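Coordinates from structure28.txt are shown below (compact mmCIF, C-alpha atoms).
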```
# COMPACT_ATOMS: atom_id res chain seq x y z
CA MET A 1 7.79 -13.09 4.90
CA MET A 2 11.14 -14.77 4.93
CA SER A 3 10.99 -18.53 4.67
CA THR A 4 10.76 -20.13 8.06
CA ASP A 5 12.99 -23.18 7.80
CA LEU A 6 16.23 -21.23 7.61
CA GLU A 7 19.19 -21.79 9.77
CA PRO A 8 18.75 -19.05 12.42
CA ASP A 9 22.08 -17.36 11.70
CA ALA A 10 21.35 -17.16 7.96
CA ARG A 11 17.93 -15.69 8.71
CA ASP A 12 19.60 -13.02 10.84
CA LEU A 13 22.14 -12.28 8.18
CA LEU A 14 19.54 -11.88 5.44
CA ALA A 15 16.95 -10.06 7.56
CA THR A 16 17.54 -6.68 5.94
CA ALA A 17 16.50 -8.18 2.60
CA ALA A 18 12.94 -7.65 3.81
CA ASP A 19 13.48 -3.95 4.51
CA HIS A 20 11.96 -1.22 2.42
CA THR A 21 10.11 -3.44 -0.02
CA ASP A 22 6.54 -2.22 0.58
CA ARG A 23 6.80 0.90 -1.55
CA ASP A 24 8.56 -1.03 -4.30
CA LEU A 25 5.87 -3.69 -4.24
CA THR A 26 3.15 -1.06 -4.58
CA ARG A 27 4.90 0.31 -7.64
CA LEU A 28 5.47 -3.16 -9.10
CA HIS A 29 1.84 -4.10 -8.49
CA ALA A 30 0.67 -1.10 -10.50
CA ARG A 31 3.04 -2.12 -13.29
CA LEU A 32 1.63 -5.66 -13.20
CA GLU A 33 -1.94 -4.30 -13.46
CA ARG A 34 -1.05 -2.44 -16.65
CA ALA A 35 0.92 -5.33 -18.14
CA ALA A 36 -1.89 -7.80 -17.42
CA GLU A 37 -4.49 -5.47 -18.92
CA ASP A 38 -2.34 -4.88 -22.02
CA ALA A 39 -1.74 -8.61 -22.46
CA GLY A 40 -5.46 -9.34 -22.15
CA VAL A 41 -4.98 -11.73 -19.23
CA LEU A 42 -6.64 -9.71 -16.48
CA ASP A 43 -9.91 -11.66 -16.40
CA VAL A 44 -11.30 -9.80 -13.38
CA ALA A 45 -10.22 -6.42 -12.01
CA TYR A 46 -11.57 -5.11 -8.72
CA ARG A 47 -11.44 -2.27 -6.25
CA THR A 48 -13.43 -1.10 -3.25
CA LEU A 49 -15.35 2.16 -3.02
CA ASP A 50 -16.38 3.94 0.18
CA THR A 51 -20.05 4.96 0.04
CA PRO A 52 -22.78 6.05 2.47
CA VAL A 53 -23.91 2.40 2.60
CA GLY A 54 -20.45 1.13 3.44
CA ALA A 55 -17.53 -0.14 1.38
CA LEU A 56 -18.67 -1.60 -1.92
CA LEU A 57 -16.62 -4.14 -3.82
CA LEU A 58 -16.64 -3.45 -7.57
CA ALA A 59 -15.43 -6.14 -9.97
CA ALA A 60 -15.31 -6.07 -13.76
CA THR A 61 -14.43 -8.51 -16.53
CA GLU A 62 -13.29 -7.27 -19.92
CA ARG A 63 -16.98 -7.25 -20.89
CA GLY A 64 -18.16 -5.01 -18.11
CA LEU A 65 -19.09 -4.64 -14.46
CA VAL A 66 -19.74 -8.15 -13.18
CA ARG A 67 -20.18 -7.78 -9.44
CA VAL A 68 -21.05 -5.16 -6.84
CA ALA A 69 -20.95 -6.43 -3.27
CA PHE A 70 -21.80 -4.99 0.13
CA ALA A 71 -19.44 -5.48 3.05
CA ALA A 72 -22.16 -7.67 4.61
CA GLU A 73 -21.58 -10.16 1.81
CA ASP A 74 -17.87 -10.50 2.85
CA HIS A 75 -15.68 -9.18 0.07
CA ASP A 76 -13.07 -11.92 0.45
CA ALA A 77 -15.73 -14.59 0.10
CA VAL A 78 -17.18 -12.80 -2.93
CA LEU A 79 -13.76 -12.68 -4.61
CA ALA A 80 -13.20 -16.38 -3.86
CA SER A 81 -16.55 -17.11 -5.46
CA ILE A 82 -15.66 -15.05 -8.53
CA ALA A 83 -12.38 -16.99 -8.78
CA ALA A 84 -14.34 -20.24 -8.83
CA ARG A 85 -17.15 -19.15 -11.15
CA ILE A 86 -15.36 -16.86 -13.61
CA SER A 87 -11.56 -17.04 -13.33
CA PRO A 88 -8.86 -16.86 -10.63
CA ARG A 89 -6.95 -14.36 -12.80
CA ILE A 90 -8.03 -11.57 -10.47
CA LEU A 91 -6.09 -8.46 -9.48
CA ARG A 92 -6.89 -5.37 -7.48
CA ALA A 93 -6.71 -3.04 -10.47
CA PRO A 94 -8.75 0.14 -9.97
CA GLY A 95 -8.16 1.47 -13.50
CA ARG A 96 -10.83 -0.69 -15.09
CA LEU A 97 -13.36 0.48 -12.49
CA ASP A 98 -12.78 4.22 -12.92
CA ASP A 99 -16.08 4.80 -14.73
CA ALA A 100 -18.12 2.65 -12.38
CA ALA A 101 -16.63 4.32 -9.31
CA ARG A 102 -17.24 7.80 -10.70
CA GLN A 103 -20.85 7.05 -11.61
CA LEU A 104 -21.53 5.49 -8.21
CA ASP A 105 -20.02 8.54 -6.49
CA GLU A 106 -22.36 10.73 -8.53
CA TYR A 107 -25.31 8.48 -7.69
CA PHE A 108 -24.66 8.70 -3.96
CA GLU A 109 -24.33 12.48 -4.25
CA GLY A 110 -27.79 12.53 -5.87
CA ARG A 111 -26.38 13.82 -9.15
CA ARG A 112 -26.94 10.67 -11.21
CA HIS A 113 -30.26 8.92 -11.77
CA ALA A 114 -29.19 6.23 -14.23
CA PHE A 115 -26.03 4.22 -14.79
CA ASP A 116 -24.40 4.11 -18.19
CA LEU A 117 -22.00 1.20 -17.81
CA PRO A 118 -21.32 -2.01 -19.74
CA LEU A 119 -22.59 -4.87 -17.57
CA ASP A 120 -21.52 -8.51 -17.56
CA LEU A 121 -24.49 -10.53 -16.31
CA SER A 122 -22.69 -13.88 -16.44
CA LEU A 123 -23.17 -14.44 -12.69
CA ALA A 124 -26.95 -14.54 -13.20
CA THR A 125 -28.57 -17.26 -15.29
CA GLY A 126 -31.98 -18.27 -16.56
CA PHE A 127 -35.03 -16.69 -14.98
CA ARG A 128 -32.90 -14.65 -12.59
CA ARG A 129 -31.31 -12.89 -15.52
CA THR A 130 -34.78 -12.18 -16.96
CA VAL A 131 -35.73 -10.62 -13.62
CA LEU A 132 -32.60 -8.44 -13.63
CA ALA A 133 -33.59 -7.12 -17.05
CA GLN A 134 -36.99 -6.15 -15.61
CA LEU A 135 -35.43 -4.46 -12.58
CA ARG A 136 -33.54 -2.15 -14.90
CA GLU A 137 -36.92 -0.87 -16.14
CA ILE A 138 -37.86 0.47 -12.71
CA GLY A 139 -36.91 4.12 -12.82
CA TYR A 140 -35.03 6.17 -10.24
CA GLY A 141 -37.28 7.17 -7.33
CA HIS A 142 -39.91 4.55 -8.22
CA THR A 143 -40.66 1.22 -6.59
CA ALA A 144 -42.42 -1.94 -7.74
CA SER A 145 -43.77 -4.93 -5.85
CA TYR A 146 -42.31 -8.41 -6.17
CA SER A 147 -45.54 -9.59 -7.79
CA ALA A 148 -45.53 -6.71 -10.30
CA VAL A 149 -41.98 -7.68 -11.31
CA ALA A 150 -43.10 -11.31 -11.65
CA VAL A 151 -45.88 -10.20 -14.01
CA ALA A 152 -43.47 -8.05 -15.99
CA ALA A 153 -41.03 -10.96 -16.25
CA GLY A 154 -43.81 -13.05 -17.81
CA SER A 155 -44.29 -15.41 -14.85
CA PRO A 156 -47.00 -13.92 -12.64
CA ARG A 157 -46.86 -16.81 -10.16
CA ALA A 158 -43.06 -16.68 -9.74
CA VAL A 159 -43.15 -14.10 -6.95
CA ARG A 160 -40.79 -16.11 -4.74
CA ALA A 161 -38.39 -16.60 -7.65
CA VAL A 162 -38.35 -12.83 -8.11
CA GLY A 163 -37.45 -12.54 -4.43
CA SER A 164 -34.55 -14.93 -4.80
CA ALA A 165 -33.40 -13.18 -7.99
CA CYS A 166 -33.22 -9.95 -5.98
CA ALA A 167 -31.47 -11.69 -3.09
CA THR A 168 -28.79 -13.02 -5.46
CA ASN A 169 -28.51 -9.93 -7.66
CA PRO A 170 -24.80 -9.80 -8.59
CA LEU A 171 -25.03 -6.06 -9.30
CA PRO A 172 -26.95 -4.40 -6.48
CA VAL A 173 -27.38 -0.60 -6.59
CA VAL A 174 -26.53 -0.58 -10.33
CA VAL A 175 -29.30 -3.07 -11.10
CA PRO A 176 -31.85 -1.59 -8.71
CA CYS A 177 -33.29 -4.52 -6.76
CA HIS A 178 -33.63 -2.05 -3.87
CA ARG A 179 -36.62 -0.61 -5.75
CA VAL A 180 -38.57 -3.83 -5.30
CA VAL A 181 -40.71 -3.75 -2.14
CA ARG A 182 -43.48 -5.85 -0.65
CA SER A 183 -47.08 -5.43 -1.81
CA ASP A 184 -48.13 -4.48 1.74
CA GLY A 185 -45.87 -1.44 1.55
CA THR A 186 -43.17 -2.74 3.89
CA ILE A 187 -39.63 -2.54 2.68
CA GLY A 188 -38.76 -6.22 2.29
CA GLN A 189 -35.37 -7.86 2.54
CA TYR A 190 -32.12 -6.69 0.99
CA LEU A 191 -28.80 -8.39 0.43
CA GLY A 192 -27.02 -5.33 1.79
CA GLY A 193 -29.28 -5.22 4.85
CA THR A 194 -32.58 -3.37 5.27
CA ASP A 195 -30.79 -0.25 6.54
CA ALA A 196 -28.93 0.02 3.25
CA LYS A 197 -32.16 -0.51 1.30
CA ARG A 198 -33.88 2.21 3.33
CA ALA A 199 -30.95 4.56 2.76
CA LEU A 200 -31.02 4.02 -1.02
CA LEU A 201 -34.80 4.59 -1.22
CA ARG A 202 -34.51 7.70 0.92
CA LEU A 203 -31.70 9.02 -1.28
CA GLU A 204 -33.82 8.52 -4.39
CA SER A 205 -36.99 10.00 -2.90
CA ALA A 206 -35.12 13.15 -1.87
CA ALA A 207 -34.33 13.96 -5.47
CA MET B 1 -9.95 -24.46 -7.14
CA HIS B 2 -7.63 -21.45 -6.99
CA GLU B 3 -7.82 -18.42 -4.76
CA PRO B 4 -7.75 -15.00 -6.45
CA PHE B 5 -4.33 -14.26 -7.95
CA GLU B 6 -4.25 -11.00 -6.00
CA LEU B 7 -3.65 -13.09 -2.85
CA VAL B 8 -0.74 -14.85 -4.55
CA VAL B 9 0.88 -11.47 -5.26
CA ALA B 10 0.20 -10.27 -1.72
CA ARG B 11 1.64 -13.39 -0.09
CA HIS B 12 4.66 -14.01 -2.29
CA GLY B 13 5.48 -10.69 -3.98
CA GLY B 14 8.06 -9.77 -1.36
CA THR B 15 9.85 -13.11 -1.47
CA VAL B 16 10.02 -13.10 -5.26
CA LEU B 17 11.38 -9.54 -5.22
CA ARG B 18 14.15 -10.53 -2.80
CA VAL B 19 15.00 -13.54 -4.95
CA CYS B 20 15.17 -11.40 -8.09
CA ARG B 21 17.30 -8.80 -6.35
CA ALA B 22 19.68 -11.41 -5.04
CA VAL B 23 20.14 -12.93 -8.49
CA LEU B 24 20.12 -9.83 -10.71
CA GLY B 25 20.76 -6.90 -8.40
CA PRO B 26 18.24 -4.28 -7.26
CA VAL B 27 17.89 -2.45 -10.59
CA ASP B 28 17.23 -5.33 -13.00
CA ALA B 29 15.12 -7.14 -10.40
CA ASP B 30 12.05 -5.05 -11.24
CA ASP B 31 11.87 -6.41 -14.79
CA ALA B 32 12.33 -9.98 -13.63
CA TRP B 33 9.65 -9.57 -10.92
CA SER B 34 7.19 -8.16 -13.43
CA ALA B 35 7.89 -10.87 -16.00
CA THR B 36 7.56 -13.54 -13.31
CA PHE B 37 4.15 -12.43 -12.10
CA LEU B 38 2.76 -11.76 -15.56
CA SER B 39 3.84 -15.23 -16.64
CA ALA B 40 2.44 -16.73 -13.45
CA LEU B 41 -0.89 -14.94 -13.95
CA VAL B 42 -1.21 -16.45 -17.43
CA ALA B 43 -0.42 -19.99 -16.25
CA TYR B 44 -2.17 -19.77 -12.88
CA PRO B 45 -5.50 -21.46 -13.78
CA GLN B 46 -3.54 -24.53 -14.96
CA LEU B 47 -1.41 -24.80 -11.81
CA ALA B 48 -2.04 -28.17 -10.12
CA PRO B 49 -4.31 -27.80 -7.08
CA GLY B 50 -2.30 -28.05 -3.87
CA ALA B 51 0.97 -27.15 -5.63
CA ASN B 52 3.59 -25.21 -3.66
CA VAL B 53 2.86 -21.77 -5.07
CA GLU B 54 6.00 -20.11 -3.74
CA ALA B 55 8.29 -22.81 -5.15
CA TRP B 56 6.47 -22.48 -8.47
CA LEU B 57 7.03 -18.72 -8.47
CA VAL B 58 10.71 -19.04 -7.55
CA THR B 59 11.16 -21.48 -10.43
CA ILE B 60 9.55 -19.01 -12.84
CA ALA B 61 11.69 -16.20 -11.40
CA HIS B 62 14.82 -18.27 -12.11
CA ARG B 63 13.80 -18.67 -15.77
CA LYS B 64 12.93 -14.98 -16.07
CA ALA B 65 16.28 -14.02 -14.54
CA ILE B 66 18.01 -16.12 -17.19
CA ASP B 67 15.87 -14.55 -19.94
CA HIS B 68 16.66 -11.11 -18.62
CA ALA B 69 20.38 -11.82 -18.39
CA ARG B 70 20.34 -13.15 -21.96
CA ALA B 71 18.45 -10.16 -23.29
CA THR B 72 20.71 -7.61 -21.65
CA SER B 73 23.96 -9.38 -22.39
CA ARG B 74 25.73 -8.21 -25.53
CA ARG B 75 27.21 -11.62 -26.24
CA ALA B 76 25.56 -14.98 -25.93
CA VAL B 77 25.82 -16.49 -22.47
CA PRO B 78 25.34 -20.13 -21.53
CA VAL B 79 21.85 -20.83 -20.21
CA ASP B 80 22.99 -21.74 -16.72
CA VAL B 81 25.33 -18.80 -16.15
CA LEU B 82 24.13 -15.39 -15.12
CA PRO B 83 26.25 -12.28 -15.53
CA GLU B 84 27.42 -10.61 -12.37
CA PRO B 85 24.75 -8.11 -11.41
CA SER B 86 25.72 -4.49 -11.33
CA ALA B 87 26.65 -3.45 -7.85
CA SER B 88 25.93 0.18 -8.48
CA PRO B 89 22.55 1.34 -7.25
CA GLY B 90 21.62 3.48 -10.24
CA ALA B 91 20.35 7.02 -10.08
CA ASP B 92 17.95 6.77 -7.19
CA GLU B 93 19.28 6.12 -3.75
CA ARG B 94 18.55 2.54 -2.70
CA ASP B 95 18.03 1.80 0.93
CA LEU B 96 20.32 0.49 3.63
CA ASP B 97 19.80 -3.07 2.46
CA LEU B 98 21.83 -2.17 -0.64
CA ASP B 99 24.85 -3.47 1.28
CA LEU B 100 23.33 -6.91 1.23
CA TRP B 101 22.77 -6.86 -2.53
CA THR B 102 26.32 -5.64 -3.05
CA ALA B 103 27.65 -8.47 -0.93
CA LEU B 104 25.46 -10.97 -2.78
CA ALA B 105 26.67 -9.64 -6.11
CA ALA B 106 30.23 -10.43 -5.10
CA LEU B 107 29.45 -14.14 -4.60
CA PRO B 108 30.19 -16.72 -7.29
CA THR B 109 27.09 -17.31 -9.43
CA LYS B 110 26.23 -20.74 -8.04
CA GLN B 111 26.50 -19.60 -4.42
CA ARG B 112 24.43 -16.50 -5.13
CA GLN B 113 21.74 -18.58 -6.85
CA VAL B 114 21.54 -21.07 -3.99
CA VAL B 115 21.29 -18.30 -1.39
CA ALA B 116 18.59 -16.63 -3.52
CA TYR B 117 16.48 -19.69 -4.21
CA HIS B 118 16.94 -21.58 -0.94
CA HIS B 119 17.62 -19.01 1.77
CA LEU B 120 15.52 -16.17 0.38
CA GLY B 121 13.07 -18.13 -1.79
CA GLY B 122 12.52 -21.07 0.54
CA LEU B 123 13.08 -23.66 -2.20
CA PRO B 124 14.36 -27.01 -0.80
CA TYR B 125 17.93 -27.93 -1.81
CA ALA B 126 16.67 -30.83 -3.95
CA GLU B 127 14.58 -28.45 -6.04
CA VAL B 128 17.41 -25.92 -6.21
CA ALA B 129 19.56 -28.74 -7.61
CA ASP B 130 16.84 -29.52 -10.19
CA LEU B 131 16.95 -25.90 -11.32
CA LEU B 132 20.71 -25.41 -11.36
CA GLY B 133 21.97 -28.90 -12.09
CA GLY B 134 24.20 -30.93 -9.76
CA THR B 135 23.11 -32.63 -6.57
CA ALA B 136 21.23 -31.45 -3.51
CA VAL B 137 24.38 -32.06 -1.48
CA ALA B 138 26.38 -29.79 -3.77
CA ALA B 139 23.65 -27.14 -3.57
CA ARG B 140 23.72 -27.32 0.22
CA ARG B 141 27.49 -26.92 0.21
CA ALA B 142 27.33 -23.94 -2.18
CA GLY B 143 24.67 -22.37 0.03
CA ALA B 144 26.75 -22.85 3.19
CA ASP B 145 29.80 -21.39 1.44
CA GLY B 146 27.71 -18.46 0.26
CA ILE B 147 26.34 -17.74 3.71
CA ALA B 148 29.82 -18.02 5.23
CA ALA B 149 31.20 -15.58 2.65
CA LEU B 150 28.33 -13.17 3.27
CA ARG B 151 29.04 -13.35 6.97
CA ARG B 152 32.63 -12.29 6.31
CA THR B 153 31.77 -9.45 3.91
CA TYR B 154 28.26 -8.24 4.63
CA GLY B 155 28.12 -9.35 8.30
CA VAL B 156 30.63 -6.63 9.13
CA THR B 157 28.70 -3.83 7.44
CA ALA B 158 25.42 -5.12 8.84
CA SER B 159 26.69 -4.70 12.39
CA THR B 160 27.74 -1.13 11.71
CA SER B 161 24.67 -0.11 9.72
CA THR B 162 22.64 0.53 12.86
CA ALA B 163 25.13 3.18 13.88
CA ARG B 164 24.97 4.76 10.44
CA ARG B 165 21.20 4.70 10.45
CA GLU B 166 21.10 7.11 13.39
CA PRO B 167 23.92 9.63 12.94
```
Structure translated into structure tokens:
Amino acid sequence: MMSTDLEPDARDLLATAADHTDRDLTRLHARLERAAEDAGVLDVAYRTLDTPVGALLLAATERGLVRVAFAAEDHDAVLASIAARISPRILRAPGRLDDAARQLDEYFEGRRHAFDLPLDLSLATGFRRTVLAQLREIGYGHTASYSAVAVAAGSPRAVRAVGSACATNPLPVVVPCHRVVRSDGTIGQYLGGTDAKRALLRLESAA
Amino acid sequence: MHEPFELVVARHGGTVLRVCRAVLGPVDADDAWSATFLSALVAYPQLAPGANVEAWLVTIAHRKAIDHARATSRRAVPVDVLPEPSASPGADERDLDLDLWTALAALPTKQRQVVAYHHLGGLPYAEVADLLGGTAVAARRAGADGIAALRRTYGVTASTSTARREP
């Protein structure tokens, strides 16, 4: 956008300055991604990935994948929250997410049953992080009840806390909170919506 | 609390590119743009909340343009003087707006800088004066002279470029 407080005739005169910059900006953005990565100042890189359960936001710090978010979570809001909680040095920089995107593609094609990715769990703290560690023990195609996870996490009475740990899982799909279901056999809630949870369980049971 | 830097690039990348092109010419502008945003990314978490982000970026761009001019100049140049940018477009064909950059390149340095930072970058005259030295009144006068000169040189080609666009 040109600045708005210009004398009208000057704005007219300089209008062509705005022409043909989109392609150049795309190229310059890619150059900035590389320079920021090389300089070690790209605190968070992100991209989106189209999947059968909608567009997923993938974000990674230098330590590893830090956030996976469903469209239902509002990607812009998720990025704003990452800026506040981790760092505002955030760029759309797909390069750092190449591995994660490839492995998720393979997962959704049914060709991958486990993720081999460095994870950054800094968005989960305390008991919730303990729960996430337990979720990673639930194998592909299997499910566990909230109370079973509470037992496994060493706090048999913390069933509700397990539920909230799943509801705030910063790494859904990769850390498989979708494999936690209610003791009565019903599917239970999911941060990506129950349809997404059903789709993931169906995908895994088909294997 | 700062929004993701990606939004800063999306909102202000175009303006900063135009400013860099106006000051350095279309070829060298790429380096200045890249240096500006890398520098801004590093400093961004420390930027005062509520600061005018675009003015901040234009100020950084001015410093990077000076750095770039210094680095590419064979002899030492005074800090506040930029070499005339090359008017030639380089190997790849630049677009129709090249005429504007050529016309800008022909302006005296001070006029070109004021047009870049105020008219293209949106920086108020008082802040342009802080960057370049002199008073806001003098900056306004240089800007008006620059725009008048552009109208004489580039204004003519601009009115014919539509015809050339569709042969």
Have a look at A:Arg92, A:Asp22, A:Ile138, A:Thr130 and name the one nearest to Asp43 in chain A; count all atoms listed in the file.
A:Arg92
Work out how far CA of Asp31 in chain B is from CA of Leu7 in chain B, in Å to one decimal.
20.7 Å
Dump as a list of chain:residue names all residues having an atom at most 8 Å from (-38.5, 8.0, -8.2), computed in the file's coordinates with only C-alpha atoms.
A:Gly139, A:Tyr140, A:Gly141, A:His142, A:Thr143, A:Glu204, A:Ser205, A:Ala207
Near chain A, meaning an atom within 8 Å, which residues of chain B appear when counting only C-alpha atoms? Write them as a PyMOL selection string.
chain B and resi 1-6+11-15+18+30+33-34+37-38+41-42+44-45+95+97+100+119-122+147+150-151+155+158
Can you tell me which residues surround Arg111 in chain A at a distance of at most 12 Å, considering all atoms listed in the file, apart from same-chain residues fewer than 4 positions away, and format the answer as a PyMOL selection string?
chain A and resi 102-107+115+140+203-204+206-207
Could you work out how far CA of Glu54 in chain B lies from CA of Pro26 in chain B, giving the answer in Å with one decimal?
20.3 Å
Quote the spacing between CA of Leu56 in chain A and CA of Ala124 in chain A in Å to one decimal place.
19.1 Å
Which residues, protein or nucleic acid, reach to within 12 Å of (15.5, -27.5, -1.2) in the file's coordinates when using only C-alpha atoms, and can you give that as a VMD selection string?
(chain A and resid 3 5 to 6) or (chain B and resid 55 58 to 59 114 to 132 135 to 140 143)
I'd like to know which of A:Thr61, A:Ser147, A:Ser122, A:Gln134 is closest to Val175 in chain A, using all atoms listed in the file.
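When distances to Val175 in chain A are compared using all atoms listed in the file, the smallest one comes from A:Gln134.
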Around range 30-41 of chain A, fit a box with edges along x, y and z, padding it by 8 Å on each side, then list its centre and edge lengths in Å to one decimal as AutoDock Vina command-line options.
```
--center_x -1.2 --center_y -6.4 --center_z -16.5 --size_x 24.5 --size_y 26.6 --size_z 28.0
```
Neighbours of Ala133 in chain A within 12 Å (all atoms listed in the file; same-chain residues fewer than 6 positions away dropped), as a VMD selection string?
chain A and resid 119 121 124 to 127 149 to 150 152 to 154 162 165 to 166 169 171 174 to 177
